[in-house]
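Undergrad: Sending over final-v3.txt (compact mmCIF, C-alpha atoms and all ligand atoms).
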# COMPACT_ATOMS: atom_id res chain seq x y z
CA MET A 1 9.42 -15.47 20.86
CA LYS A 2 8.88 -12.50 18.54
CA ARG A 3 8.21 -13.91 15.06
CA HIS A 4 9.65 -12.64 11.79
CA ASN A 5 6.48 -11.41 10.16
CA PHE A 6 6.47 -11.45 6.34
CA SER A 7 2.69 -11.27 6.08
CA ALA A 8 1.31 -9.34 3.08
CA GLY A 9 -1.36 -7.49 5.06
CA PRO A 10 -2.45 -6.89 7.72
CA CYS A 11 1.20 -6.94 8.45
CA ILE A 12 4.07 -6.02 10.69
CA LEU A 13 4.01 -2.73 12.61
CA PRO A 14 6.84 -1.18 14.64
CA GLN A 15 7.08 -2.79 18.08
CA ASP A 16 7.23 0.59 19.75
CA VAL A 17 4.02 1.65 18.01
CA LEU A 18 2.23 -1.49 19.20
CA LYS A 19 3.32 -0.77 22.74
CA LYS A 20 2.11 2.84 22.69
CA ALA A 21 -1.14 1.80 21.01
CA SER A 22 -1.84 -0.82 23.67
CA GLU A 23 -1.18 1.73 26.42
CA ALA A 24 -3.64 4.18 24.83
CA VAL A 25 -6.33 1.50 24.78
CA ILE A 26 -6.14 1.42 28.58
CA ASP A 27 -5.36 5.06 29.33
CA PHE A 28 -5.21 7.75 26.68
CA ASP A 29 -6.61 10.81 28.45
CA ASN A 30 -6.66 10.98 32.23
CA GLY A 31 -7.97 7.50 32.91
CA LEU A 32 -10.08 7.20 29.74
CA SER A 33 -9.36 4.78 26.94
CA LEU A 34 -8.73 6.03 23.40
CA LEU A 35 -11.71 3.82 22.50
CA GLU A 36 -14.13 5.47 24.91
CA ILE A 37 -13.54 9.19 24.44
CA SER A 38 -15.54 11.33 22.05
CA HIS A 39 -14.03 11.69 18.62
CA ARG A 40 -14.99 15.38 18.96
CA SER A 41 -12.92 15.81 22.13
CA LYS A 42 -9.78 17.91 21.83
CA PRO A 43 -7.37 15.02 22.46
CA PHE A 44 -8.80 13.04 19.55
CA VAL A 45 -9.22 16.01 17.20
CA ASP A 46 -5.50 16.64 17.80
CA VAL A 47 -4.73 13.05 16.82
CA MET A 48 -6.66 13.37 13.57
CA GLU A 49 -5.08 16.70 12.69
CA ASN A 50 -1.63 15.42 13.53
CA ALA A 51 -2.11 12.27 11.42
CA ARG A 52 -3.32 14.30 8.44
CA ALA A 53 -0.46 16.78 8.75
CA LEU A 54 2.17 14.05 9.12
CA ALA A 55 0.93 12.29 5.99
CA LEU A 56 1.27 15.45 3.89
CA GLU A 57 4.62 16.35 5.46
CA LEU A 58 6.17 12.93 4.84
CA LEU A 59 4.99 12.95 1.22
CA GLY A 60 6.33 16.49 0.73
CA LEU A 61 2.88 17.78 -0.19
CA GLU A 62 2.34 20.47 2.41
CA GLY A 63 1.12 23.78 1.00
CA LYS A 64 0.61 22.35 -2.49
CA GLY A 65 -3.17 22.26 -2.57
CA TYR A 66 -3.57 18.73 -1.24
CA LYS A 67 -5.79 17.46 1.56
CA ALA A 68 -5.26 14.24 3.53
CA LEU A 69 -8.30 12.25 4.69
CA PHE A 70 -8.65 9.13 6.79
CA LEU A 71 -11.73 7.33 5.46
CA GLN A 72 -13.30 3.92 6.00
CA GLY A 73 -14.09 1.03 3.72
CA GLY A 74 -10.53 0.12 2.76
CA ALA A 75 -8.82 0.71 -0.55
CA SER A 76 -11.63 -1.33 -2.13
CA THR A 77 -14.10 1.48 -1.43
CA GLN A 78 -11.73 3.90 -3.18
CA PHE A 79 -12.13 1.86 -6.37
CA LEU A 80 -15.71 3.15 -6.64
CA MET A 81 -15.23 6.45 -4.82
CA VAL A 82 -12.62 7.59 -7.34
CA ALA A 83 -15.03 6.84 -10.17
CA LEU A 84 -18.00 8.51 -8.45
CA ASN A 85 -16.00 11.71 -7.85
CA MET A 86 -13.97 11.90 -11.04
CA LEU A 87 -15.48 9.85 -13.84
CA GLU A 88 -17.71 11.79 -16.22
CA LYS A 89 -17.16 10.20 -19.62
CA ARG A 90 -14.18 7.92 -19.76
CA ALA A 91 -11.06 7.00 -17.81
CA GLY A 92 -7.88 5.09 -18.62
CA TYR A 93 -6.58 2.34 -16.34
CA LEU A 94 -3.26 0.54 -16.35
CA ASN A 95 -3.96 -3.10 -15.54
CA THR A 96 -1.08 -4.60 -13.58
CA GLY A 97 -2.88 -7.26 -11.57
CA THR A 98 -5.71 -8.29 -9.31
CA TRP A 99 -6.10 -4.95 -7.56
CA SER A 100 -6.12 -2.90 -10.79
CA ASP A 101 -8.58 -5.41 -12.20
CA LYS A 102 -10.89 -4.83 -9.26
CA ALA A 103 -10.55 -1.06 -9.57
CA ILE A 104 -11.52 -1.31 -13.25
CA LYS A 105 -14.51 -3.52 -12.44
CA GLU A 106 -15.92 -1.02 -9.93
CA ALA A 107 -15.35 2.01 -12.17
CA ARG A 108 -17.13 0.24 -15.05
CA ILE A 109 -20.32 0.44 -12.99
CA TYR A 110 -20.33 4.20 -13.63
CA ASP A 111 -18.89 4.72 -17.06
CA ASP A 112 -16.65 3.59 -19.82
CA ILE A 113 -13.16 2.41 -18.89
CA TYR A 114 -10.29 1.96 -21.29
CA GLU A 115 -7.34 -0.26 -20.38
CA VAL A 116 -4.32 1.71 -21.58
CA ALA A 117 -2.19 -1.43 -21.19
CA SER A 118 -2.26 -4.75 -19.37
CA SER A 119 0.24 -7.43 -18.36
CA LYS A 120 -2.41 -10.11 -18.06
CA ASP A 121 -0.77 -12.00 -20.97
CA ALA A 122 2.07 -13.03 -18.64
CA ASN A 123 0.07 -13.45 -15.42
CA PHE A 124 1.08 -9.92 -14.44
CA ASN A 125 4.77 -10.68 -13.94
CA TYR A 126 5.84 -7.34 -15.47
CA ILE A 127 4.79 -3.69 -15.71
CA PRO A 128 3.68 -2.56 -19.18
CA LYS A 129 5.62 0.40 -20.58
CA GLY A 130 5.41 2.75 -23.52
CA TYR A 131 1.64 3.14 -23.53
CA ASP A 132 -0.21 6.32 -24.41
CA ILE A 133 -2.60 8.10 -22.12
CA PRO A 134 -5.42 9.76 -24.07
CA THR A 135 -5.50 13.49 -23.40
CA ASP A 136 -9.28 13.84 -23.40
CA TYR A 137 -10.10 11.33 -20.65
CA ASP A 138 -11.12 12.28 -17.12
CA TYR A 139 -8.19 10.59 -15.36
CA PHE A 140 -5.54 7.90 -15.52
CA HIS A 141 -5.42 5.24 -12.80
CA CYS A 142 -2.49 3.03 -11.87
CA THR A 143 -1.36 0.75 -9.02
CA SER A 144 2.15 1.57 -7.82
CA ASN A 145 2.90 -1.79 -6.24
CA ASN A 146 1.25 -5.09 -7.08
CA THR A 147 1.11 -6.77 -3.73
CA ILE A 148 0.08 -10.16 -5.10
CA PHE A 149 2.44 -10.48 -8.06
CA GLY A 150 5.44 -8.65 -6.58
CA THR A 151 5.89 -6.04 -9.29
CA GLN A 152 6.32 -2.32 -8.75
CA MET A 153 6.20 0.70 -11.03
CA LYS A 154 9.67 2.25 -10.98
CA GLU A 155 8.65 5.13 -13.19
CA PHE A 156 5.39 6.95 -13.65
CA PRO A 157 4.16 8.55 -16.85
CA ASN A 158 3.90 12.30 -17.23
CA SER A 159 0.15 12.07 -17.43
CA PRO A 160 -1.60 14.77 -19.46
CA ILE A 161 -4.74 14.16 -17.36
CA PRO A 162 -5.18 13.82 -13.57
CA MET A 163 -3.27 10.80 -12.29
CA VAL A 164 -4.78 8.57 -9.59
CA CYS A 165 -2.71 5.93 -7.85
CA ASP A 166 -3.50 3.03 -5.55
CA MET A 167 -0.41 3.05 -3.32
CA SER A 168 -1.81 0.67 -0.70
CA SER A 169 1.25 -1.52 -0.47
CA ASP A 170 4.16 0.86 -0.96
CA ILE A 171 3.14 4.28 0.29
CA PHE A 172 5.80 5.83 2.55
CA SER A 173 8.33 3.21 1.41
CA ARG A 174 10.29 5.12 -1.25
CA GLN A 175 10.90 8.62 -2.52
CA LEU A 176 8.74 9.73 -5.42
CA ASP A 177 7.63 13.07 -6.72
CA PHE A 178 4.23 12.72 -5.10
CA SER A 179 3.09 16.00 -6.62
CA LYS A 180 2.81 14.14 -9.97
CA PHE A 181 -0.31 12.50 -8.58
CA ASP A 182 -3.67 14.20 -8.16
CA LEU A 183 -5.14 11.52 -5.95
CA ILE A 184 -3.35 8.85 -3.93
CA TYR A 185 -5.09 6.27 -1.80
CA ALA A 186 -3.88 3.49 0.47
CA GLY A 187 -5.51 1.08 2.89
CA ALA A 188 -3.72 1.55 6.23
CA GLN A 189 -2.99 -2.11 6.88
CA LYS A 190 0.05 -2.52 4.63
CA ASN A 191 2.50 0.17 5.59
CA MET A 192 0.77 2.43 8.06
CA GLY A 193 -1.46 0.92 10.73
CA PRO A 194 -4.30 -1.45 11.52
CA ALA A 195 -7.08 -2.18 9.03
CA GLY A 196 -10.04 0.18 9.23
CA ALA A 197 -8.64 3.43 7.89
CA THR A 198 -7.77 4.38 4.34
CA LEU A 199 -5.55 7.34 3.62
CA VAL A 200 -6.68 9.52 0.73
CA VAL A 201 -4.47 12.39 -0.41
CA VAL A 202 -6.25 14.50 -2.96
CA LYS A 203 -5.49 17.69 -4.83
CA GLU A 204 -8.53 19.76 -4.08
CA ASP A 205 -8.84 21.50 -7.43
CA ILE A 206 -9.56 18.29 -9.35
CA LEU A 207 -12.83 17.77 -7.48
CA GLY A 208 -16.30 19.04 -8.32
CA LYS A 209 -16.09 18.35 -12.06
CA VAL A 210 -18.66 15.58 -12.45
CA SER A 211 -22.34 16.18 -12.97
CA ARG A 212 -23.75 13.25 -10.97
CA LYS A 213 -25.04 13.52 -7.43
CA ILE A 214 -22.62 11.94 -4.99
CA PRO A 215 -23.84 10.41 -1.71
CA SER A 216 -22.30 12.33 1.21
CA MET A 217 -20.19 9.46 2.55
CA MET A 218 -18.76 8.93 -0.94
CA ASP A 219 -18.01 12.59 -1.59
CA TYR A 220 -14.41 13.72 -1.04
CA LYS A 221 -15.58 17.34 -0.80
CA VAL A 222 -17.87 16.52 2.11
CA HIS A 223 -15.03 14.80 3.96
CA ILE A 224 -12.67 17.69 3.24
CA SER A 225 -15.18 20.27 4.49
CA LYS A 226 -15.59 18.29 7.71
CA SER A 227 -11.83 17.84 8.25
CA SER A 228 -12.17 14.06 7.89
CA MET A 229 -14.74 14.00 10.71
CA PHE A 230 -17.99 13.86 8.74
CA ASN A 231 -18.97 10.83 10.79
CA THR A 232 -17.22 8.87 13.54
CA PRO A 233 -13.77 8.06 12.19
CA PRO A 234 -12.03 4.73 12.90
CA VAL A 235 -10.31 6.18 15.96
CA PHE A 236 -7.99 3.30 16.78
CA SER A 237 -6.77 2.90 13.24
CA VAL A 238 -6.18 6.65 12.85
CA TYR A 239 -4.31 6.80 16.16
CA VAL A 240 -2.02 3.89 15.33
CA SER A 241 -1.43 5.29 11.83
CA MET A 242 -0.41 8.58 13.46
CA LEU A 243 2.04 6.74 15.71
CA THR A 244 3.54 4.92 12.73
CA LEU A 245 3.89 8.13 10.74
CA GLN A 246 5.56 9.78 13.75
CA TRP A 247 7.87 6.75 14.05
CA LEU A 248 8.80 7.15 10.40
CA LYS A 249 9.43 10.87 10.77
CA ASP A 250 11.69 10.30 13.80
CA LEU A 251 13.62 7.74 11.77
CA GLY A 252 14.39 10.34 9.11
CA GLY A 253 11.27 10.03 6.95
CA ILE A 254 10.96 8.37 3.57
CA PRO A 255 14.62 8.89 2.47
CA ALA A 256 15.83 6.95 5.52
CA ILE A 257 13.34 4.09 5.22
CA GLU A 258 13.93 3.81 1.48
CA LYS A 259 17.60 2.97 2.13
CA GLU A 260 16.57 0.19 4.52
CA ASN A 261 13.96 -1.12 2.11
CA GLU A 262 16.53 -1.27 -0.68
CA LYS A 263 18.96 -3.22 1.50
CA LYS A 264 16.25 -5.73 2.39
CA ALA A 265 15.19 -6.15 -1.23
CA GLN A 266 18.78 -6.57 -2.40
CA LEU A 267 19.40 -9.24 0.22
CA ILE A 268 16.41 -11.38 -0.70
CA TYR A 269 16.67 -10.98 -4.48
CA SER A 270 20.35 -11.82 -4.58
CA GLU A 271 19.56 -15.04 -2.70
CA ILE A 272 16.69 -15.83 -5.11
CA ASP A 273 19.02 -15.26 -8.07
CA LEU A 274 22.05 -17.11 -6.71
CA ASN A 275 20.34 -20.06 -5.09
CA PRO A 276 19.47 -22.65 -7.77
CA LEU A 277 16.62 -24.02 -5.64
CA PHE A 278 14.54 -20.85 -6.05
CA LYS A 279 13.05 -18.98 -8.96
CA GLY A 280 11.86 -15.37 -8.89
CA PHE A 281 8.38 -14.76 -10.28
CA SER A 282 8.49 -11.19 -11.58
CA THR A 283 10.62 -9.60 -14.28
CA LYS A 284 13.85 -8.35 -12.70
CA SER A 285 13.54 -4.69 -13.65
CA ASP A 286 10.01 -4.51 -12.23
CA ARG A 287 10.64 -6.30 -8.96
CA SER A 288 8.89 -4.93 -5.91
CA THR A 289 10.94 -3.82 -2.93
CA MET A 290 7.90 -4.57 -0.75
CA ASN A 291 6.72 -8.02 -1.88
CA ALA A 292 9.24 -10.53 -3.22
CA THR A 293 7.54 -13.45 -4.99
CA PHE A 294 9.35 -16.71 -5.68
CA THR A 295 8.82 -20.43 -6.10
CA LEU A 296 10.81 -23.56 -5.40
CA ALA A 297 12.48 -25.00 -8.50
CA ASN A 298 11.84 -28.47 -7.12
CA GLU A 299 8.49 -29.01 -5.40
CA ASP A 300 9.87 -32.11 -3.62
CA LEU A 301 11.63 -29.75 -1.23
CA LYS A 302 8.41 -28.03 -0.19
CA GLU A 303 7.93 -29.84 3.08
CA THR A 304 11.56 -29.54 4.16
CA PHE A 305 11.66 -25.85 3.31
CA GLU A 306 8.39 -25.06 5.05
CA THR A 307 9.43 -26.92 8.19
CA MET A 308 12.70 -24.97 8.29
CA VAL A 309 10.81 -21.70 7.77
CA LYS A 310 8.51 -22.52 10.64
CA GLU A 311 11.36 -23.52 12.95
CA ALA A 312 13.09 -20.20 12.23
CA GLY A 313 10.05 -18.33 13.56
CA ILE A 314 9.06 -16.98 10.14
CA ASN A 315 5.39 -16.13 9.59
CA GLY A 316 3.27 -15.27 6.56
CA LEU A 317 5.50 -16.50 3.73
CA ASN A 318 2.85 -18.28 1.69
CA GLY A 319 2.26 -16.87 -1.76
CA HIS A 320 -1.13 -15.70 -2.97
CA ARG A 321 -3.17 -18.46 -4.64
CA SER A 322 -2.92 -16.77 -8.05
CA VAL A 323 0.89 -16.98 -8.06
CA GLY A 324 1.63 -19.91 -5.74
CA GLY A 325 4.98 -20.42 -4.09
CA TYR A 326 6.16 -17.83 -1.61
CA ARG A 327 5.90 -14.13 -1.01
CA ALA A 328 8.15 -12.28 1.39
CA SER A 329 6.46 -8.99 2.25
CA MET A 330 9.04 -6.56 3.60
CA TYR A 331 7.12 -3.49 4.69
CA ASN A 332 8.74 -0.56 6.50
CA ALA A 333 8.61 -2.10 9.97
CA LEU A 334 10.29 -5.39 8.97
CA SER A 335 13.95 -5.39 9.96
CA LEU A 336 16.91 -6.26 7.77
CA GLU A 337 17.70 -8.87 10.39
CA SER A 338 14.39 -10.67 9.72
CA VAL A 339 15.20 -10.82 6.00
CA GLY A 340 18.60 -12.19 6.99
CA VAL A 341 16.91 -15.02 8.91
CA LEU A 342 14.87 -15.98 5.83
CA VAL A 343 17.90 -15.81 3.54
CA ASP A 344 19.84 -18.04 5.96
CA VAL A 345 17.04 -20.62 5.78
CA MET A 346 17.12 -20.49 1.97
CA SER A 347 20.86 -21.03 1.80
CA GLU A 348 20.69 -23.72 4.47
CA LEU A 349 18.22 -25.56 2.24
CA GLU A 350 20.74 -25.42 -0.59
CA ARG A 351 23.43 -26.95 1.65
CA LYS A 352 21.07 -29.74 2.73
CA ALA A 353 19.64 -30.58 -0.68
C1 LIG B 1 -4.53 -4.83 -0.12
C2 LIG B 1 -4.71 -3.99 -1.30
C3 LIG B 1 -5.97 -3.47 -1.65
C4 LIG B 1 -7.22 -3.78 -0.87
O1 LIG B 1 -7.26 -3.08 0.31
P1 LIG B 1 -8.50 -3.16 1.30
O2 LIG B 1 -8.17 -2.09 2.27
O3 LIG B 1 -8.54 -4.54 1.87
O4 LIG B 1 -9.74 -2.85 0.52
C5 LIG B 1 -6.05 -2.64 -2.75
N1 LIG B 1 -4.96 -2.36 -3.49
C6 LIG B 1 -3.74 -2.85 -3.19
C7 LIG B 1 -2.57 -2.50 -4.05
C8 LIG B 1 -3.58 -3.68 -2.09
O5 LIG B 1 -2.37 -4.18 -1.79
If you took the structure in this file and wrote it as structure tokens, what would it be?
TA:
Amino acid sequence: MKRHNFSAGPCILPQDVLKKASEAVIDFDNGLSLLEISHRSKPFVDVMENARALALELLGLEGKGYKALFLQGGASTQFLMVALNMLEKRAGYLNTGTWSDKAIKEARIYDDIYEVASSKDANFNYIPKGYDIPTDYDYFHCTSNNTIFGTQMKEFPNSPIPMVCDMSSDIFSRQLDFSKFDLIYAGAQKNMGPAGATLVVVKEDILGKVSRKIPSMMDYKVHISKSSMFNTPPVFSVYVSMLTLQWLKDLGGIPAIEKENEKKAQLIYSEIDLNPLFKGFSTKSDRSTMNATFTLANEDLKETFETMVKEAGINGLNGHRSVGGYRASMYNALSLESVGVLVDVMSELERKA
């Protein structure tokens, strides 16, 4: 039985993409596996170029001075790479949870970091607003969607300095003016493909402004000059990301998937709000359309609820240890029908209790 996969990451991918990916592992190019051809061969270079072009096209950033790269080391490596490439004196970070916290920690290795605002006082259940971004800093860093806490930035500041955003868990899920950002990064394994590749979309003219020496593998300019092929790229992850981006384009791109994502979010949040047995974790206006976090009002029902969840074929609903309770991650490839199955279990619990 195909399970309803609410896992936070690695997470659900389109079934059709998984099928094509598995076929390419056996035979990608005239009897050779995708995993055994040279990354310099034309068939793979085409994959890389196609993936990079699709990323820019879907974000509406073609011809606007941006480059797309598929790098390794996950979003966690971007925490330090951003600082190495952009931090000269001081940067401002918006602290909205565990991932921002980690980004701040890495950047502090290189220079001074100022937290422009933080929601730590309420265990990150909201997004701070009304903060000022100093005009003389090197860049401003924010996290668009807080995967662990289930909050999401609905609006972005008009930053007077370059704006960097960790979009790991909501890239390609909603329409934004992506040209507001100078650097966007995202680990593939939330909304794009298998772990192993990280998408970086960077406006070229913000680079080359720091005085330090940057190791080649950590230097965006090196990766740009080598068309994201400075060393052997994570071929499988790039290929599957390309398939997912193509899937999204065929579906109608971000505007089409955003509608679906909103329907899914509405369905789960209205159940959380109407069902007295559940409590939402995050502040309503900041709720994430990707990760819905909630707890049981009465812990005595834990075993019953979790048995019902399991019997319904639902996977990956456990909350992160820093929030507890449950987290329904509803990335692009999760169907409205799967959310319906979860909501049915929640309302069934209410009838039983
Ligand atoms: C998962 C996640 C990360 C970490 O990604 P890795 O690729 O595992 O390093 C960073 N930021 C956000 C917002 C995430 O959701």
Undergrad: Given 3 Å on each side, where is the centre and what are the edge lengths in Å to one decimal of the axis-aligned box enclosing the listed atoms of ligand LIG 1 (chain B), as AutoDock Vina command-line options?
TA:
--center_x -6.1 --center_y -3.5 --center_z -0.9 --size_x 13.4 --size_y 8.7 --size_z 12.3
Undergrad: For Asn275 in chain A, find every residue with an atom within 9 Å (counting all atoms listed in the file), except residues of its own chain fewer than 3 positions away, and show them as a list in words.
TA: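 Counting only the stated atoms, we get Ser270, Glu271, Ile272, Phe278, Lys279, Met346, Ser347 and Glu350 of chain A.
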Undergrad: Quick one: residues within 8 Å of range 25-40 of chain A, all atoms listed in the file counted, chain neighbours fewer than 5 positions away excluded, as a ChimeraX atom specification?
TA: /A:45,232-233,235-236
Undergrad: Kindly compile the residues surrounding ligand LIG 1 (chain B) within 9 Å, counting all atoms listed in the file, and format them as a PDB file with C-alpha atoms, in the frame of the given file.
TA:
ATOM      1  CA  ALA A   8       1.310  -9.340   3.080  1.00  0.00           C
ATOM      2  CA  GLY A   9      -1.360  -7.490   5.060  1.00  0.00           C
ATOM      3  CA  PRO A  10      -2.450  -6.890   7.720  1.00  0.00           C
ATOM      4  CA  GLN A  72     -13.300   3.920   6.000  1.00  0.00           C
ATOM      5  CA  GLY A  73     -14.090   1.030   3.720  1.00  0.00           C
ATOM      6  CA  GLY A  74     -10.530   0.120   2.760  1.00  0.00           C
ATOM      7  CA  ALA A  75      -8.820   0.710  -0.550  1.00  0.00           C
ATOM      8  CA  SER A  76     -11.630  -1.330  -2.130  1.00  0.00           C
ATOM      9  CA  THR A  77     -14.100   1.480  -1.430  1.00  0.00           C
ATOM     10  CA  GLN A  78     -11.730   3.900  -3.180  1.00  0.00           C
ATOM     11  CA  PHE A  79     -12.130   1.860  -6.370  1.00  0.00           C
ATOM     12  CA  GLY A  97      -2.880  -7.260 -11.570  1.00  0.00           C
ATOM     13  CA  THR A  98      -5.710  -8.290  -9.310  1.00  0.00           C
ATOM     14  CA  TRP A  99      -6.100  -4.950  -7.560  1.00  0.00           C
ATOM     15  CA  SER A 100      -6.120  -2.900 -10.790  1.00  0.00           C
ATOM     16  CA  LYS A 102     -10.890  -4.830  -9.260  1.00  0.00           C
ATOM     17  CA  ALA A 103     -10.550  -1.060  -9.570  1.00  0.00           C
ATOM     18  CA  THR A 143      -1.360   0.750  -9.020  1.00  0.00           C
ATOM     19  CA  SER A 144       2.150   1.570  -7.820  1.00  0.00           C
ATOM     20  CA  ASN A 145       2.900  -1.790  -6.240  1.00  0.00           C
ATOM     21  CA  ASN A 146       1.250  -5.090  -7.080  1.00  0.00           C
ATOM     22  CA  THR A 147       1.110  -6.770  -3.730  1.00  0.00           C
ATOM     23  CA  ILE A 148       0.080 -10.160  -5.100  1.00  0.00           C
ATOM     24  CA  ASP A 166      -3.500   3.030  -5.550  1.00  0.00           C
ATOM     25  CA  MET A 167      -0.410   3.050  -3.320  1.00  0.00           C
ATOM     26  CA  SER A 168      -1.810   0.670  -0.700  1.00  0.00           C
ATOM     27  CA  SER A 169       1.250  -1.520  -0.470  1.00  0.00           C
ATOM     28  CA  ASP A 170       4.160   0.860  -0.960  1.00  0.00           C
ATOM     29  CA  TYR A 185      -5.090   6.270  -1.800  1.00  0.00           C
ATOM     30  CA  ALA A 186      -3.880   3.490   0.470  1.00  0.00           C
ATOM     31  CA  GLY A 187      -5.510   1.080   2.890  1.00  0.00           C
ATOM     32  CA  ALA A 188      -3.720   1.550   6.230  1.00  0.00           C
ATOM     33  CA  GLN A 189      -2.990  -2.110   6.880  1.00  0.00           C
ATOM     34  CA  LYS A 190       0.050  -2.520   4.630  1.00  0.00           C
ATOM     35  CA  ALA A 195      -7.080  -2.180   9.030  1.00  0.00           C
ATOM     36  CA  GLY A 196     -10.040   0.180   9.230  1.00  0.00           C
ATOM     37  CA  ALA A 197      -8.640   3.430   7.890  1.00  0.00           C
ATOM     38  CA  THR A 198      -7.770   4.380   4.340  1.00  0.00           C
TER      39      THR A 198
END
Undergrad: Would you give me, as a Markdown table, each residue of range 9-115 of chain A having an atom within 9 Å of an atom of range 208-222 of chain A, along with its shortest atom pair and that distance in Å to one decimal, using all atoms listed in the file and sorting by chain and residue number?
TA:
| residue | atom | partner | partner_atom | distance |
| --- | --- | --- | --- | --- |
| A:Leu69 | CA | A:Tyr220 | CA | 8.5 |
| A:Thr77 | CA | A:Met218 | CA | 8.8 |
| A:Gln78 | CA | A:Met218 | CA | 8.9 |
| A:Leu80 | CA | A:Met218 | CA | 8.7 |
| A:Met81 | CA | A:Met218 | CA | 5.8 |
| A:Val82 | CA | A:Met218 | CA | 9.0 |
| A:Leu84 | CA | A:Ile214 | CA | 6.7 |
| A:Asn85 | CA | A:Val210 | CA | 6.6 |
| A:Met86 | CA | A:Val210 | CA | 6.1 |
| A:Leu87 | CA | A:Val210 | CA | 6.7 |
| A:Glu88 | CA | A:Val210 | CA | 5.4 |
Undergrad: Using all atoms listed in the file, find the one residue out of A:Glu155, A:Asp101, A:Glu303, A:Asp182 that sits nearest to Phe140 in chain A.
TA: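 Using all atoms listed in the file, the shortest distance to Phe140 in chain A belongs to A:Asp182.
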Undergrad: Tell me, in Å to one decimal, how far CA of Ile12 in chain A is from CA of Ala333 in chain A.
TA: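 About the pair CA of Ile12 in chain A and CA of Ala333 in chain A: they are 6.0 Å apart.
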Undergrad: So which residues touch range 309-326 of chain A within 7 Å, counting all atoms listed in the file, skipping near sequence neighbours fewer than 2 positions away, as an MDAnalysis selection string?
TA: chainID A and resid 3:7 148:149 293:296 305:307 328 345
Undergrad: Between A:Glu337, A:Thr283, A:Arg52, A:Asn298, which residue has the minimum interatomic distance to Asn123 in chain A, considering all atoms listed in the file?
TA: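 Using all atoms listed in the file, Asn123 in chain A sits closest to A:Thr283.
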Undergrad: Point out the residue among A:Val116, A:Tyr131, A:Ala91, A:Ala122 with the least atom-to-atom distance to Ser282 in chain A, counting all atoms listed in the file.
TA: A:Ala122
Undergrad: Which polymer residues have any atom within 7 Å of an atom of Met290 in chain A, counting only C-alpha atoms, with same-chain residues fewer than 4 positions away left out, as a VMD selection string?
TA: chain A and resid 170 329 to 331
Undergrad: Suppose you want the space between CA of Ile171 in chain A and CA of Val200 in chain A; what is it in Å?
TA: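 If I compute the distance from CA of Ile171 in chain A to CA of Val200 in chain A, I get 11.1 Å.
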